[in-house]
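For reference, the structure is listed below as structure tokens.
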Amino acid sequence: MNILNTTNNNPIAFFDSGVGGLTVYSKFRKKLSNENCLYFGDTKHLPYGNKTKEELISYAKFILDFFKEKQVKAVVIACNTSSSAAYDSIKDSYDFKIYPIIQSCAKILSELPINRLGIFATQATIKSGVYESEIKKYNPNMVIYPQSCHNWVNIVESKAQDSKENIKIVKDDLDKMLKNNPDKMVLGCTHYPYLLDVLSKFCPKDKFIDPAEYFVDYIIEDLTNLNLLNTENHIGYEKMYVSANPEQFKLAAEMFYHVKSEVEVIN
Ligand code: DGL
């Protein structure tokens with residue numbers, strides 16, 4: 001790929017169906033505060049987990065076309081569902097670097113010193129089988145236990161994770177997974193780290209893996225190798241976009257990341 005160095009100070013863009021991708025973005029921002037950043041929450045189509053592959057590809061194309069107009073230097077797919085359903089179809093259509101969360105973290109996950117790995121993810125991600133196939137490319141012996149969690153994204157987006165009813169939903173899904181006796185469990189949807197407090201009431205916190213930790217280091221290393229890091233000595237700007245309900249987005253985001261800037265609606 002021919003990436004011009006003149007793009008160094010152009011923004012890096014992140015997207016997800018909603019606030020989930022902020023679990024990736026906030027970690028990135030903390031490490032590289034001088035980068036100029038864009039974030040798009042596709043709240044009009046939330047949740048992504050119950051959408052078809054065709055729908056998910058068309059949402060991703062719309063967002064990447066939008067980012068292209070903004071002259072981004074790279075796009076981070078801070079969404080497992082979109083990485084599993086859309087990345088393969090769009091990856092060669094743009095002349096900037098695209099980082100999909102699942103494919104970028106698979107090697108690191110495959111090298112964990114464990115044998116049994118649980119994956120919690122959305123219906124669409126689990127149906128795609130991409131976590132399994134990507135990890136097995138590097139480690140065919142890893143035993144994978146995929147499990148979809150139907151309501152978790154809505155619980156997070158509505159900030160209702162502390163209600164009795166929702167704690168039970170999360171606990172029931174966790175209990176189902178624990179029957180497999182996994183060594184570790186991947187939070188394979190960027191919304192799920194918001195549920196760590198609930199999950200860790202029933203199982204030690206260190207059993208859960210938030211791939212965002214690995215993902216952000218991977219992106220930074222790659223940007224460094226491509227000589228694409230921002231060269232300005234400043235605090236980079238941040239611009240937030242959603243496709244609907246900016247106030248609700250701001251409110252849900254607050255749990256995890258303080259959105260200082262205006263949130264612009266893009267249709
Ligand atoms: N946070 C996204 C993911 O990582 C999408 C969740 C959804 O909208 O269903 O899969």
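Residues are named by chain letter and number: chains run A, B, ... in the order of the structure tokens, numbers start at 1 in each chain, and ligands are numbered from 1 in the order shown.
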
(request) Name all residues at most 12 Å from Ile114 of chain A (count only C-alpha atoms; drop same-chain ones fewer than 2 positions away) and give them as number ranges by chain. (result) A: 108-112, 116-118, 139, 141-144, 181-185, 207

(message) Could you list, as a count of residues only, every residue within 7 Å of segment 27-43 of chain A, counting only C-alpha atoms and ignoring same-chain residues fewer than 3 positions away?
(response) 29

(request) Using DSSP on the backbone coordinates, identify all residues within segment 90-232 of chain A classified as strand (DSSP E); present the result as a list in words. (result)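 The strand (DSSP E) subset of segment 90-232 of chain A is Lys97, Ile98, Tyr99, Pro100, Arg116, Leu117, Gly118, Ile119, Phe120, Ala121, Val143, Ile144, Tyr145, Pro146, Gln147, Ser148, Lys184, Met185, Val186, Leu187, Phe208 and Ile209 of chain A.
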
Which chains and residue numbers are within 7 Å of ligand 1, counting only C-alpha atoms and all ligand atoms, if I want them as a PDB file with N, CA and C atoms, in the first residue's frame?
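Listing of part12.pdb after writing:
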```pdb
ATOM      1  N   ASP A  16     -17.930   2.267  15.316  1.00  0.00           N
ATOM      2  CA  ASP A  16     -18.655   1.160  15.948  1.00  0.00           C
ATOM      3  C   ASP A  16     -20.142   1.457  15.755  1.00  0.00           C
ATOM      4  N   SER A  17     -20.995   0.525  16.209  1.00  0.00           N
ATOM      5  CA  SER A  17     -22.434   0.778  16.125  1.00  0.00           C
ATOM      6  C   SER A  17     -22.872   1.831  17.142  1.00  0.00           C
ATOM      7  N   GLY A  18     -22.113   2.028  18.187  1.00  0.00           N
ATOM      8  CA  GLY A  18     -22.518   2.973  19.234  1.00  0.00           C
ATOM      9  C   GLY A  18     -21.346   3.336  20.119  1.00  0.00           C
ATOM     10  N   GLY A  20     -19.674   1.325  22.086  1.00  0.00           N
ATOM     11  CA  GLY A  20     -18.740   0.214  22.325  1.00  0.00           C
ATOM     12  C   GLY A  20     -17.316   0.530  21.901  1.00  0.00           C
ATOM     13  N   GLY A  21     -17.171   1.108  20.728  1.00  0.00           N
ATOM     14  CA  GLY A  21     -15.838   1.394  20.193  1.00  0.00           C
ATOM     15  C   GLY A  21     -15.047   2.371  21.051  1.00  0.00           C
ATOM     16  N   LEU A  46     -28.052   0.585  15.296  1.00  0.00           N
ATOM     17  CA  LEU A  46     -27.750  -0.169  16.518  1.00  0.00           C
ATOM     18  C   LEU A  46     -28.912  -1.110  16.872  1.00  0.00           C
ATOM     19  N   PRO A  47     -28.763  -2.317  17.300  1.00  0.00           N
ATOM     20  CA  PRO A  47     -27.492  -3.020  17.393  1.00  0.00           C
ATOM     21  C   PRO A  47     -27.115  -3.689  16.067  1.00  0.00           C
ATOM     22  N   TYR A  48     -25.827  -3.823  15.837  1.00  0.00           N
ATOM     23  CA  TYR A  48     -25.336  -4.483  14.620  1.00  0.00           C
ATOM     24  C   TYR A  48     -25.532  -6.007  14.687  1.00  0.00           C
ATOM     25  N   GLY A  49     -25.561  -6.534  15.900  1.00  0.00           N
ATOM     26  CA  GLY A  49     -25.511  -7.989  16.089  1.00  0.00           C
ATOM     27  C   GLY A  49     -26.615  -8.774  15.401  1.00  0.00           C
ATOM     28  N   ASN A  50     -27.773  -8.120  15.161  1.00  0.00           N
ATOM     29  CA  ASN A  50     -28.862  -8.875  14.531  1.00  0.00           C
ATOM     30  C   ASN A  50     -29.049  -8.494  13.054  1.00  0.00           C
ATOM     31  N   ALA A  78     -13.506  -0.519  15.279  1.00  0.00           N
ATOM     32  CA  ALA A  78     -13.571  -0.804  16.716  1.00  0.00           C
ATOM     33  C   ALA A  78     -14.866  -1.548  17.026  1.00  0.00           C
ATOM     34  N   CYS A  79     -15.168  -2.489  16.166  1.00  0.00           N
ATOM     35  CA  CYS A  79     -16.418  -3.238  16.235  1.00  0.00           C
ATOM     36  C   CYS A  79     -16.150  -4.654  15.729  1.00  0.00           C
ATOM     37  N   ASN A  80     -16.369  -5.630  16.577  1.00  0.00           N
ATOM     38  CA  ASN A  80     -16.123  -7.027  16.179  1.00  0.00           C
ATOM     39  C   ASN A  80     -17.093  -7.476  15.098  1.00  0.00           C
ATOM     40  N   THR A  81     -18.349  -7.034  15.223  1.00  0.00           N
ATOM     41  CA  THR A  81     -19.387  -7.475  14.283  1.00  0.00           C
ATOM     42  C   THR A  81     -19.058  -7.009  12.868  1.00  0.00           C
ATOM     43  N   SER A  82     -18.658  -5.750  12.752  1.00  0.00           N
ATOM     44  CA  SER A  82     -18.310  -5.217  11.443  1.00  0.00           C
ATOM     45  C   SER A  82     -17.013  -5.849  10.923  1.00  0.00           C
ATOM     46  N   ALA A 121     -19.694 -12.927  22.091  1.00  0.00           N
ATOM     47  CA  ALA A 121     -19.800 -11.947  21.001  1.00  0.00           C
ATOM     48  C   ALA A 121     -21.253 -11.827  20.567  1.00  0.00           C
ATOM     49  N   THR A 122     -21.488 -10.957  19.591  1.00  0.00           N
ATOM     50  CA  THR A 122     -22.858 -10.783  19.104  1.00  0.00           C
ATOM     51  C   THR A 122     -23.237 -11.976  18.226  1.00  0.00           C
ATOM     52  N   THR A 125     -21.404 -11.958  14.857  1.00  0.00           N
ATOM     53  CA  THR A 125     -19.982 -12.331  14.959  1.00  0.00           C
ATOM     54  C   THR A 125     -19.856 -13.843  15.136  1.00  0.00           C
ATOM     55  N   VAL A 153     -25.618  -5.865  24.408  1.00  0.00           N
ATOM     56  CA  VAL A 153     -25.387  -4.539  23.804  1.00  0.00           C
ATOM     57  C   VAL A 153     -26.490  -3.560  24.225  1.00  0.00           C
ATOM     58  N   GLY A 188     -15.678 -10.412  23.143  1.00  0.00           N
ATOM     59  CA  GLY A 188     -15.553 -10.250  21.690  1.00  0.00           C
ATOM     60  C   GLY A 188     -16.560  -9.299  21.084  1.00  0.00           C
ATOM     61  N   CYS A 189     -16.927  -8.309  21.840  1.00  0.00           N
ATOM     62  CA  CYS A 189     -17.766  -7.209  21.348  1.00  0.00           C
ATOM     63  C   CYS A 189     -17.304  -6.009  22.149  1.00  0.00           C
ATOM     64  N   THR A 190     -17.082  -4.889  21.489  1.00  0.00           N
ATOM     65  CA  THR A 190     -16.456  -3.762  22.193  1.00  0.00           C
ATOM     66  C   THR A 190     -17.383  -3.119  23.229  1.00  0.00           C
ATOM     67  N   HIS A 191     -18.657  -3.502  23.233  1.00  0.00           N
ATOM     68  CA  HIS A 191     -19.546  -3.024  24.295  1.00  0.00           C
ATOM     69  C   HIS A 191     -19.323  -3.793  25.614  1.00  0.00           C
TER      70      HIS A 191
END
```

(message) Restricting the calculation to only C-alpha atoms: of A:Val186, A:Ser26, A:Glu213, A:Trp152, which residue gets closest to Met255 of chain A?
(response)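 The shortest atom-to-atom distance to Met255 of chain A comes from A:Ser26.
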
(request) Give the answer as one residue: which of A:Lys159, A:Lys137, A:Lys164, A:Lys171 has the shortest atom-to-atom distance to Ala253 of chain A, using only C-alpha atoms? (result)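 Using only C-alpha atoms, the shortest distance to Ala253 of chain A belongs to A:Lys159.
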
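Among the candidates A:Val156, A:Ile77, A:Ile169, A:Ile209, the one nearest to Phe256 of chain A when counting only C-alpha atoms is A:Val156.
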
Please report, as an mmCIF file with C-alpha atoms, in the first residue's frame, each residue of segment 15-249 of chain A to which DSSP assigns helix (DSSP H, G or I) when run on this structure's backbone.
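Okay, this is what ended up in out37.cif:
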```cif
data_model
loop_
_atom_site.group_PDB
_atom_site.id
_atom_site.type_symbol
_atom_site.label_atom_id
_atom_site.label_comp_id
_atom_site.auth_asym_id
_atom_site.auth_seq_id
_atom_site.Cartn_x
_atom_site.Cartn_y
_atom_site.Cartn_z
ATOM 1 C CA LEU A 22 -15.025 3.984 22.844
ATOM 2 C CA THR A 23 -13.486 1.141 24.863
ATOM 3 C CA VAL A 24 -10.859 0.981 22.107
ATOM 4 C CA TYR A 25 -10.732 4.674 21.321
ATOM 5 C CA SER A 26 -10.246 5.797 24.931
ATOM 6 C CA LYS A 27 -7.228 3.498 25.326
ATOM 7 C CA PHE A 28 -5.726 4.732 22.081
ATOM 8 C CA ARG A 29 -6.310 8.370 23.005
ATOM 9 C CA LYS A 30 -4.640 7.897 26.376
ATOM 10 C CA LYS A 31 -1.516 6.500 24.707
ATOM 11 C CA THR A 43 -26.501 4.625 16.362
ATOM 12 C CA LYS A 44 -29.215 4.625 13.690
ATOM 13 C CA HIS A 45 -28.441 0.956 12.968
ATOM 14 C CA TYR A 48 -25.336 -4.483 14.620
ATOM 15 C CA GLY A 49 -25.511 -7.989 16.089
ATOM 16 C CA ASN A 50 -28.862 -8.875 14.531
ATOM 17 C CA LYS A 53 -23.941 -9.491 6.329
ATOM 18 C CA GLU A 54 -25.204 -7.366 3.401
ATOM 19 C CA GLU A 55 -26.555 -4.700 5.749
ATOM 20 C CA LEU A 56 -23.313 -4.637 7.732
ATOM 21 C CA ILE A 57 -21.253 -4.250 4.548
ATOM 22 C CA SER A 58 -23.372 -1.332 3.382
ATOM 23 C CA TYR A 59 -23.081 0.442 6.779
ATOM 24 C CA ALA A 60 -19.305 -0.017 6.739
ATOM 25 C CA LYS A 61 -19.055 1.346 3.182
ATOM 26 C CA PHE A 62 -21.086 4.416 4.092
ATOM 27 C CA ILE A 63 -18.866 5.139 7.101
ATOM 28 C CA LEU A 64 -15.600 4.547 5.224
ATOM 29 C CA ASP A 65 -16.748 6.780 2.358
ATOM 30 C CA PHE A 66 -17.484 9.459 4.930
ATOM 31 C CA PHE A 67 -14.034 9.036 6.479
ATOM 32 C CA LYS A 68 -12.453 9.145 3.037
ATOM 33 C CA GLU A 69 -13.964 12.592 2.487
ATOM 34 C CA ASN A 80 -16.123 -7.027 16.179
ATOM 35 C CA THR A 81 -19.387 -7.475 14.283
ATOM 36 C CA SER A 82 -18.310 -5.217 11.443
ATOM 37 C CA SER A 83 -14.814 -6.745 11.407
ATOM 38 C CA SER A 84 -16.343 -10.210 11.038
ATOM 39 C CA ALA A 85 -18.983 -9.343 8.436
ATOM 40 C CA TYR A 87 -13.856 -6.205 6.566
ATOM 41 C CA ASP A 88 -13.147 -8.782 3.842
ATOM 42 C CA SER A 89 -15.485 -7.055 1.393
ATOM 43 C CA ILE A 90 -14.168 -3.526 1.912
ATOM 44 C CA ILE A 101 -10.274 -5.725 15.679
ATOM 45 C CA ILE A 102 -10.676 -9.508 15.291
ATOM 46 C CA GLN A 103 -8.126 -10.079 12.533
ATOM 47 C CA SER A 104 -5.620 -7.752 14.229
ATOM 48 C CA CYS A 105 -5.815 -9.563 17.596
ATOM 49 C CA ALA A 106 -6.161 -13.195 16.470
ATOM 50 C CA LYS A 107 -2.446 -13.962 16.461
ATOM 51 C CA ILE A 108 -1.928 -12.548 19.939
ATOM 52 C CA LEU A 109 -4.931 -14.512 21.263
ATOM 53 C CA SER A 110 -3.669 -17.679 19.581
ATOM 54 C CA GLN A 123 -25.053 -13.146 17.122
ATOM 55 C CA ALA A 124 -23.600 -11.961 13.785
ATOM 56 C CA THR A 125 -19.982 -12.331 14.959
ATOM 57 C CA ILE A 126 -20.579 -15.852 16.273
ATOM 58 C CA LYS A 127 -22.496 -16.846 13.146
ATOM 59 C CA SER A 128 -19.588 -15.691 10.952
ATOM 60 C CA VAL A 130 -14.379 -15.485 12.083
ATOM 61 C CA TYR A 131 -12.950 -15.544 15.620
ATOM 62 C CA GLU A 132 -12.530 -19.284 15.382
ATOM 63 C CA SER A 133 -11.083 -19.348 11.852
ATOM 64 C CA GLU A 134 -8.670 -16.450 12.508
ATOM 65 C CA ILE A 135 -7.308 -17.926 15.752
ATOM 66 C CA LYS A 136 -7.013 -21.409 14.257
ATOM 67 C CA LYS A 137 -4.927 -20.034 11.380
ATOM 68 C CA TYR A 138 -2.164 -19.530 13.966
ATOM 69 C CA TRP A 152 -25.760 -7.416 26.292
ATOM 70 C CA VAL A 153 -25.387 -4.539 23.804
ATOM 71 C CA ASN A 154 -28.835 -3.142 24.591
ATOM 72 C CA ILE A 155 -28.139 -3.429 28.317
ATOM 73 C CA VAL A 156 -24.985 -1.330 27.874
ATOM 74 C CA GLU A 157 -26.492 1.242 25.524
ATOM 75 C CA LYS A 164 -31.693 -7.235 38.847
ATOM 76 C CA GLU A 165 -33.182 -8.533 35.632
ATOM 77 C CA ASN A 166 -30.125 -7.648 33.540
ATOM 78 C CA ILE A 167 -27.648 -8.992 36.076
ATOM 79 C CA LYS A 168 -29.519 -12.290 35.769
ATOM 80 C CA ILE A 169 -29.317 -12.230 31.945
ATOM 81 C CA VAL A 170 -25.549 -11.687 32.082
ATOM 82 C CA LYS A 171 -25.071 -14.288 34.825
ATOM 83 C CA ASP A 172 -27.089 -16.918 32.922
ATOM 84 C CA ASP A 173 -24.947 -16.425 29.801
ATOM 85 C CA LEU A 174 -21.790 -16.569 31.891
ATOM 86 C CA ASP A 175 -22.947 -19.768 33.645
ATOM 87 C CA LYS A 176 -23.578 -21.383 30.270
ATOM 88 C CA MET A 177 -20.053 -20.521 29.180
ATOM 89 C CA LEU A 178 -18.468 -21.659 32.469
ATOM 90 C CA TYR A 192 -18.901 -5.902 26.696
ATOM 91 C CA PRO A 193 -16.039 -4.407 28.767
ATOM 92 C CA TYR A 194 -18.727 -2.087 30.175
ATOM 93 C CA LEU A 195 -20.157 -5.246 31.820
ATOM 94 C CA LEU A 196 -16.927 -6.279 33.522
ATOM 95 C CA ASP A 197 -18.119 -5.108 36.930
ATOM 96 C CA VAL A 198 -21.196 -7.312 36.662
ATOM 97 C CA LEU A 199 -19.280 -10.289 35.251
ATOM 98 C CA LYS A 205 -11.832 -10.527 36.598
ATOM 99 C CA ASP A 206 -8.566 -11.939 35.250
ATOM 100 C CA LYS A 207 -10.497 -14.692 33.443
ATOM 101 C CA ALA A 212 -8.777 -3.659 23.054
ATOM 102 C CA GLU A 213 -5.598 -3.840 25.157
ATOM 103 C CA TYR A 214 -3.783 -5.817 22.456
ATOM 104 C CA PHE A 215 -5.524 -4.022 19.618
ATOM 105 C CA VAL A 216 -4.343 -0.546 20.563
ATOM 106 C CA ASP A 217 -0.727 -1.696 20.958
ATOM 107 C CA TYR A 218 -0.957 -3.435 17.581
ATOM 108 C CA ILE A 219 -2.247 -0.269 15.864
ATOM 109 C CA ILE A 220 0.419 1.929 17.446
ATOM 110 C CA GLU A 221 3.177 -0.470 16.471
ATOM 111 C CA ASP A 222 1.915 -0.613 12.900
ATOM 112 C CA LEU A 223 1.524 3.170 12.579
ATOM 113 C CA THR A 224 5.076 3.491 13.887
ATOM 114 C CA ASN A 225 6.409 0.988 11.349
ATOM 115 C CA PRO A 246 -26.602 12.349 19.751
ATOM 116 C CA GLU A 247 -27.852 13.069 23.291
ATOM 117 C CA GLN A 248 -28.392 9.408 24.089
ATOM 118 C CA PHE A 249 -24.930 8.630 22.714
#
```

(request) Figure out the distance between atom CA of Lys201 of chain A and atom CA of Gln161 of chain A, please, to one decimal in Å. (result) 12.5 Å

(request) Figure out the distance between atom CA of Pro211 of chain A and atom CA of Gln71 of chain A, please, to one decimal in Å. (result) 27.4 Å

(request) Figure out the distance between atom CA of Val75 of chain A and atom CA of Lys250 of chain A, please, to one decimal in Å. (result)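 Going from atom CA of Lys250 of chain A over to atom CA of Val75 of chain A, I get 21.7 Å.
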
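Distances to Ile119 of chain A were evaluated for A:Ser148, A:Ser200, A:Asn267, A:Thr231 using only C-alpha atoms, and the minimum falls at A:Ser148.
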